[in-house]
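*Asks:* Sharing a structure here in structure tokens format.
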Amino acid sequence: MISVQGLTKSYSGFLAVDDVTFTCEPGRVTGFLGPNGAGKTTTMRVMVGLTPATRGTTTIGGHQYQAIPNPGRHVGVLLDASAQHAGRTGREVLHLGAKVMGLPDSRVDEMLELVSLSQEEAKRRIRNYSLGMRQRLGIAHALLGDPQVLILDEPANGLDPAGIRWMRGLLKGYAEQGGTVLLSSHLLNEVELIADEMILIGHGKIVARGDKKTLLADAGGTGTHVTSLDNAALRAALTAQGMTVAVAGDGFRVEAPPVEVGKVAAAHQIVLADLRPADGGLENLFLELTSQTQRDQFNEGATA
Amino acid sequence: MTSTAATNSAGGAGVPMQPAPGGSHARFDVAGTPRITFGRLVAVEWRKMLDTRAGFWLLLLTGVLLLIAVGLTLLVVGLNDFEISANDVSQILTIPLSLLLPVFPITSVTSEWSQRSGLVTFTLEPHRLRVLLAKLTAVVLLALSTIVIAIALGALTTVIAANITGNDVRWELEGRTLGLLVLSQLLYFGMAFALATLLLYTPASIAVFYVVALLLPFMVYSVLYGFFEWARDLIPWIDLQFAFAPFLDSTQNVGAKEIGQLSSAIFLWIVLPGVLGMRRVLRAEPK
């Protein structure tokens, strides 16, 4: 539905986006993940015609964005929730959007309800909105025209955990109805929660893509967190199998898949209190893949 | 969500579409979606000028200035027993209009950048020239409607003034004078708009506009004009107000030279910045 082919954008010699190619399918939420300055926003801006591409093409639904008549009816866009006139009320912003798109004003109330902004809040001016409220308003604005495609830049930024859960439900529901979603984030946790599929970008280049499982498999195995009633025996058993075991919290971190750890425990009849894949695997992968562009150097793996 | 997938198939009768979602080739059917009409863009840009707190205060202050001008006119007329015509009153009342209102054409353009709302505006209508023309139309409509209000107020003032002094009501309002008043108001709005597109920054645009349109002619040019021969030769070519003055003065003959001077000033302050500014808006990347 969204197709990006060989997209390159350079600013006087600096390559902000370097030969990026990907597609986003209907019915799926695609997460665009990368550190700040990796080229996510630039890619999205090119998609919606705000920034001209140096090379390459982007199409949405088979069309160049500029060629879509009344694009708000087909593509919902949220590039920056704070990019609104601070002196306007939330309701006024939605009203203006509805008017441009030729929608009835009743749509404004529907959208306010959808994103849980009260009538009272909608009457306030945007300068008095929290970032979370701005994001909700931005989502409402993107959904106004009942589009088939959503392009959202850092939509979860500023949302509290409940807000992120709400957005996950909203976007999943939207995708299940056949919608296409592309959302960006610099936070792995957010994307992991919301997206079906991830595109990792660093230094303007795509460094990895796939769903969480594929990414982890590509990264070469996963770690496991394990805690048992007899940690000493478990450690001995695991080490005997040649697994690397390190103390982590109440239990261990083992460099082996959970199934293998479980098998060892079962063989030695050790009761497990906790067994789960170590998420740090993905986090490490993310940091590793994008490390050339990170401003901070990580010498001892991820602790985030 | 109400009918996300429904719009997929809306319209497009006769065009056999793929039963969309599923493949990467899923295409929108845009045949059933009409373009955004220009009238709708103008209506939205009109509303955007007035729906912020800044817009509200600007209009309110202009209203207050208008009333002060009416009050002062009546006071002077009453004290001096002047005879005053609708013509005179309308000319007086355009002064408060020209003071604050040019901020509207400026912020209509610059707020898309300084408030960053251009991100939304130019995404909903990617054809930026249409947006700019819609803004220009809204700005012209604002200029015209404020003149209508000023004339209505002027008529009222004329009647009251005649009642105070006991003179007859003098209704004559020359078409030529009226036309020139409208033209001069439009020229200043055009200049404000053009400078705004060129600078794309509210404080700079407002500052440059008021320095060029008000400060220089009143504080600098008028002095130079009075003392120096070269200033009398030069200033009408580069200043709208001095270029326009002969046209408002019915005792003066207007010839090719005056028309050339006005054209030169219009070119310098409206056409040139307007063309450069339009290029800038079409190319700039709203951040």
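Following the order of the structure tokens, first chain is A, next is B, and so on, with residues numbered from 1 inside each chain and ligands from 1 in the order they appear.
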Taking only C-alpha atoms into account, report as a ChimeraX atom specification which residues of chain A lie within 7 Å of chain B.

*Replies:* /A:1,25-26,48-51,61-62,66,68-72,83-88,96,99-101,146-148,174,177-179

*Asks:* Pick out the closest residue to Phe32 in chain A from this set: A:Asp230, A:Asp153, A:Glu176, A:Glu255. Count only C-alpha atoms.

*Replies:*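 Result for the nearest residue to Phe32 in chain A: A:Asp153.
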
*Asks:* Contacts of Leu152 in chain A at 6 Å or less, counting only C-alpha atoms, minus same-chain residues fewer than 6 places along, as a PyMOL selection string?

*Replies:* chain A and resi 77-79+183

*Asks:* CA of Val247 in chain A and CA of Leu188 in chain A are how many Å apart?

*Replies:*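 That distance, rounded to one decimal, is 24.7 Å.
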
*Asks:* Nearest to Gly277 in chain B among B:Met191, B:Phe228, B:Leu216, B:Leu142, with distances taken over only C-alpha atoms: which residue is it?

*Replies:*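 Ranking B:Met191, B:Phe228, B:Leu216, B:Leu142 by distance to Gly277 in chain B, first place goes to B:Met191.
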
*Asks:* Once DSSP has gone over the backbone, tell me which residues of range 9-236 of chain A are in strand (DSSP E or B), as a ChimeraX atom specification.

*Replies:* /A:9-11,14-24,29-33,55-60,63,75-78,89,125,149-152,180-185,197-202,205-210,224-228

*Asks:* Which residue, B:Ala243, B:Leu198, B:Ile238, B:Leu248, has the smallest gap to Val182 in chain B when you use only C-alpha atoms?

*Replies:*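 That would be B:Leu248, the residue with the smallest distance to Val182 in chain B.
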
*Asks:* Just want the 12 Å neighbourhood of Val29 in chain A, counted on only C-alpha atoms, with same-chain residues fewer than 5 positions away dropped. Output as a VMD selection string.

*Replies:* chain A and resid 1 to 2 23 to 24 149 to 152 167 to 184 191 to 199 210 to 211

*Asks:* From the set A:Asn128, A:Thr239, A:Thr54, A:Thr59, which residue has the shortest atom-to-atom contact distance to Asp18 in chain A, counting only C-alpha atoms?

*Replies:* A:Thr54

*Asks:* How would you write, as a PyMOL selection string, the set of residues in range 71-125 of chain B that DSSP gives as alpha helix (DSSP H)?

*Replies:* chain B and resi 71-80+86-100+103-114+118-124

*Asks:* With only C-alpha atoms as the atoms that count, which of A:Gly56, A:Ile139, A:Pro35, A:Leu144 lies nearest to His74 in chain A?

*Replies:*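 Closest to His74 in chain A of all the choices is A:Leu144.
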
*Asks:* Which residues come within 10 Å of Gly166 in chain B, counting only C-alpha atoms, excluding same-chain residues fewer than 4 positions away, as an MDAnalysis selection string?

*Replies:* chainID B and resid 78 81 83 160:162

*Asks:* Residues at most 10 Å from range 258-260 of chain A, counting only C-alpha atoms, excluding those fewer than 2 positions away in the same chain, as a PyMOL selection string?

*Replies:* chain A and resi 222-226+238+241+243+254-256+262-266+275-278

*Asks:* I'd like to know which of B:Val169, B:Ala194, B:Leu262, B:Ile164 is closest to Thr73 in chain B, using only C-alpha atoms.

*Replies:*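 Of B:Val169, B:Ala194, B:Leu262, B:Ile164, the one nearest Thr73 in chain B, counting only C-alpha atoms, is B:Ile164.
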
*Asks:* Tell me, as a list in words, which residues lie within 9 Å of Thr158 in chain B, counting only C-alpha atoms; anything in the same chain fewer than 3 positions away does not count.

*Replies:*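 Non-adjacent residues within range: Leu74, Ile84, Ser85, Ala86, Val89, Leu153, Gly154, Ala155, Ala161, Ala162, Asn163, Val169, Arg170 and Trp171 of chain B.
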
*Asks:* How far is it from CA of Asp88 in chain B to CA of Phe189 in chain B, in Å with one decimal?

*Replies:*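 It comes out at 22.2 Å.
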